[in-house]
Amino acid sequence: MEIEGGRPPQVNAMQSPVARLNKFVAESTVGKRFKIAERNTTFTTELRAGTTTFLTMAYILAVNASILSDSGATCSVSDCVPLCSDQSISVSNCSGGNLRIVQPDDNCKFDPVNPGYSACLERIRKDLIVATVASSLIGCVIMGTFANLPLGLAPGMGTNAYFAYTVVGFHGSGSVSYQSALAAVFIEGLIFLLISAIGLRAKLAKLVPKPVRISSSAGIGLFLAFIGLQNNQGIGLIGYSSSTLVTLGACPNSARAALAPVVTAANGTVSLLPGGTVSGDILCLHDRMESPTFWLGIVGFVIIAYCLIKNVKGAMIYGIIFVTAVSWFRNTRVTAFPNTDAGDSAYQYFKKVVDVHKIKETAGALSFKSIGKGFFWEALVTFLYVDILDTTGSLYSMARFAGFTDENGDFEGQYFAFMSDASSIVVGSLLGTSPVTAFIESSTGIREGGRTGLTALTVGGYFFLSFFFTPLLASIPAWAVGPPLILVGVLMMRSVVEIEWDDMRQAIPAFVTLILMPLTYSIAYGLIGGIGTYIVLHLWDWAEGLLRKFGFLKGVEGNNHGVNGINVEAAGDGSTKAFEV
């Protein structure tokens, strides 16, 4: 069919308002600055990707604050209040008979927690929600504006647990105070910033062997899926087993129990083991697979999975919103606000909808009094190497997942990407939170088509709104976040096809990296295991090369490998012979 006349068809007249908006932004200064057309994306796609990323990482607002408040933060014995020996009677009426007023001591911070200390923890939790919002907002703006990458930043899971439970300890029972731990993070952030500024961080990252780099993306996917399957940040399918470590869970709250390492004194008193922590309700006593919230999470999983199969845009958002909306109804078996003291408190906070909270106690709480002590530097060095391996590994994995990396593993904007999270670590420590990192949940936005810094700026915009709508965002339940985390894990497994599984010297380090990330709950430990295995398996080859170089080893150098990669030398008749020394 031919078109008569010399004029081209009027395509613009047929374009929808969204298409015209996308074209206008792409051709504007903003569009050219963020390379929208060059990266084959659109303005609305970036907004949708940013929305998806934010929804999948919004749980960090409540989770990070909850974890860090377990350290006790700035709360101390001085916040505890005197109680009557019979706690059902007020202090003002505590007189006569065997009644007496009990002055608080160090035990007031532990079960049963003193009401004054509990009130302090609640104030701290709100401070830490705002600190999480502010540090994440700043990191996202820097990442989007300067690096032009679709990555969201927030305090990292894993490092916050190390900060709270190992360094500071449950309610301050560790060797380093909360204030000194923040100082360690601050100094570590400055060192990290310097390493990034002089370009050393990129060189350190390139030292990571190729099989470890490739498998780290899939390992992070398994890590995310493992988080999504658990109870605290997921649907709760996986539970604790004293014999096999993990087992099938998904039991209702009434059938769960918390675990804690305890010691029994000679007088029969049971107390928490020094350095030990009380777990969440991770042990299923009975009624496995009967949790209503688990099955609601499965519905969300099916919604997202079906949308992914049909290539429906915004798949992650639909699943999260559906599960969250159903969970906000009270007096149901799947409510996010059960009829408990904690549930009532959460519901009262949720009903505020809009609430602006000012940081009162955690901002600027740094203390350098312990700088001369060994455990201070132990914590600092640990934070530094975890950030070098963990955050750098996350950045490279996300860049690979988005298709930004070249044959050398480099990607556009990597210098400012490294500077972004390093700067955010410094800012976060000043606000009172643990190290900030590029969030691996950013892969959900990348899956939705995010390719530019507009995705990161959209995430930052949502974090800004979080200053006002924290009650709503802090009320997204774990079983709404779990399904997208699991399915992102599916998407990130695609990189395993690039591993040379026939070469055992490549396959073994890759597998070690893959398996250790979820099972040690640490990206850094996975990288360390993979790198260490790679070095051990290549020591023979490197030693052989040195011997050849200095003439101690004779024979023809080649890349021939026997079974399982054992080096052999080809003889003239086609057989093999050992090297001669």
# chains A, B, ... in the order shown; residues from 1 in each chain; ligands from 1

$ residues_around --residues "Glu122 (chain A)" --least-positions-apart "6" --cutoff "10 Å" --atoms "only C-alpha atoms" --output "JSON, numbers by chain"
{"A": [65, 66, 69, 128]}

$ residues_around --residues "region 332-349 of chain A" --least-positions-apart "5" --cutoff "7 Å" --atoms "only C-alpha atoms" --output "PyMOL selection string"
chain A and resi 292-293+327+471+477

$ select_by_dssp --residues "region 271-515 of chain A" --states "alpha helix (DSSP H)" --output "MDAnalysis selection string"
chainID A and resid 292:309 315:327 341:352 374:386 392:402 414:431 442:447 453:473 478:492 504:515

$ closest_atom_pairs --of "region 220-257 of chain A" --to "region 425-444 of chain A" --cutoff "9 Å" --atoms "only C-alpha atoms" --output "tab-separated table"
residue	atom	partner	partner_atom	distance
A:Ile220	CA	A:Ile440	CA	7.5
A:Gly221	CA	A:Ile440	CA	8.6
A:Leu224	CA	A:Ile440	CA	8.0

$ atom_distance --atom1 "CA of Val102 (chain A)" --atom2 "CA of Ser85 (chain A)"
6.0 Å

$ closest_residue --among "A:Ile476, A:Ile195, A:Ile320, A:Ile138" --to "Val302 (chain A)" --atoms "only C-alpha atoms"
A:Ile320

$ residues_around --residues "region 174-181 of chain A" --least-positions-apart "5" --cutoff "6 Å" --atoms "only C-alpha atoms" --output "list in words"
Ala73, Val167, Val168, Gly169, Ala365, Leu366, Ser367 and Phe368 of chain A

$ residues_around --residues "Ala119 (chain A)" --least-positions-apart "5" --cutoff "9 Å" --atoms "only C-alpha atoms" --output "PyMOL selection string"
chain A and resi 79+114+124

$ select_by_dssp --residues "region 215-457 of chain A" --states "strand (DSSP E)" --output "ChimeraX atom specification"
/A:238-241,245-248,256-257,262-264,270-272,283-284,436-438

$ atom_distance --atom1 "CA of Phe34 (chain A)" --atom2 "CA of Ala399 (chain A)"
16.2 Å

$ closest_residue --among "A:Leu308, A:Leu61, A:Ile191, A:Val185" --to "Ala154 (chain A)" --atoms "only C-alpha atoms"
A:Leu61

$ closest_residue --among "A:Pro155, A:Ala257, A:Ile227, A:Val381" --to "Ser241 (chain A)" --atoms "only C-alpha atoms"
A:Ala257

$ residues_around --residues "Pro483 (chain A)" --least-positions-apart "6" --cutoff "8 Å" --atoms "only C-alpha atoms" --output "short mmCIF file (atom, residue, chain, number, x, y, z; two decimals) with N, CA, C and O atoms, in the first residue's frame"
data_model
loop_
_atom_site.label_atom_id
_atom_site.label_comp_id
_atom_site.auth_asym_id
_atom_site.auth_seq_id
_atom_site.Cartn_x
_atom_site.Cartn_y
_atom_site.Cartn_z
N GLY A 228 14.11 -12.73 51.30
CA GLY A 228 12.69 -12.71 51.00
C GLY A 228 11.94 -13.92 51.49
O GLY A 228 10.72 -13.87 51.66
N GLY A 234 10.65 -11.07 54.99
CA GLY A 234 10.07 -11.79 53.88
C GLY A 234 8.77 -12.49 54.22
O GLY A 234 8.07 -12.10 55.15
N ILE A 235 8.47 -13.55 53.47
CA ILE A 235 7.18 -14.22 53.61
C ILE A 235 7.16 -15.27 54.71
O ILE A 235 6.11 -15.77 55.08
N GLY A 297 1.37 -13.42 51.10
CA GLY A 297 2.61 -13.16 50.37
C GLY A 297 2.71 -13.99 49.10
O GLY A 297 3.20 -13.53 48.08
N ILE A 298 2.22 -15.24 49.16
CA ILE A 298 2.22 -16.10 47.98
C ILE A 298 1.33 -15.51 46.89
O ILE A 298 1.66 -15.56 45.69
N GLY A 300 0.80 -12.33 46.45
CA GLY A 300 1.61 -11.25 45.89
C GLY A 300 2.68 -11.79 44.95
O GLY A 300 2.95 -11.20 43.89
N PHE A 301 3.28 -12.91 45.32
CA PHE A 301 4.29 -13.57 44.48
C PHE A 301 3.70 -13.96 43.13
O PHE A 301 4.30 -13.71 42.07
N ILE A 304 3.03 -10.84 40.90
CA ILE A 304 4.25 -10.30 40.29
C ILE A 304 4.77 -11.26 39.22
O ILE A 304 5.16 -10.84 38.12
N GLY A 319 2.29 -6.00 42.96
CA GLY A 319 2.32 -7.01 44.02
C GLY A 319 2.46 -6.39 45.40
O GLY A 319 1.77 -6.77 46.35
#

$ atom_distance --atom1 "CA of Leu457 (chain A)" --atom2 "CA of Thr405 (chain A)"
21.6 Å
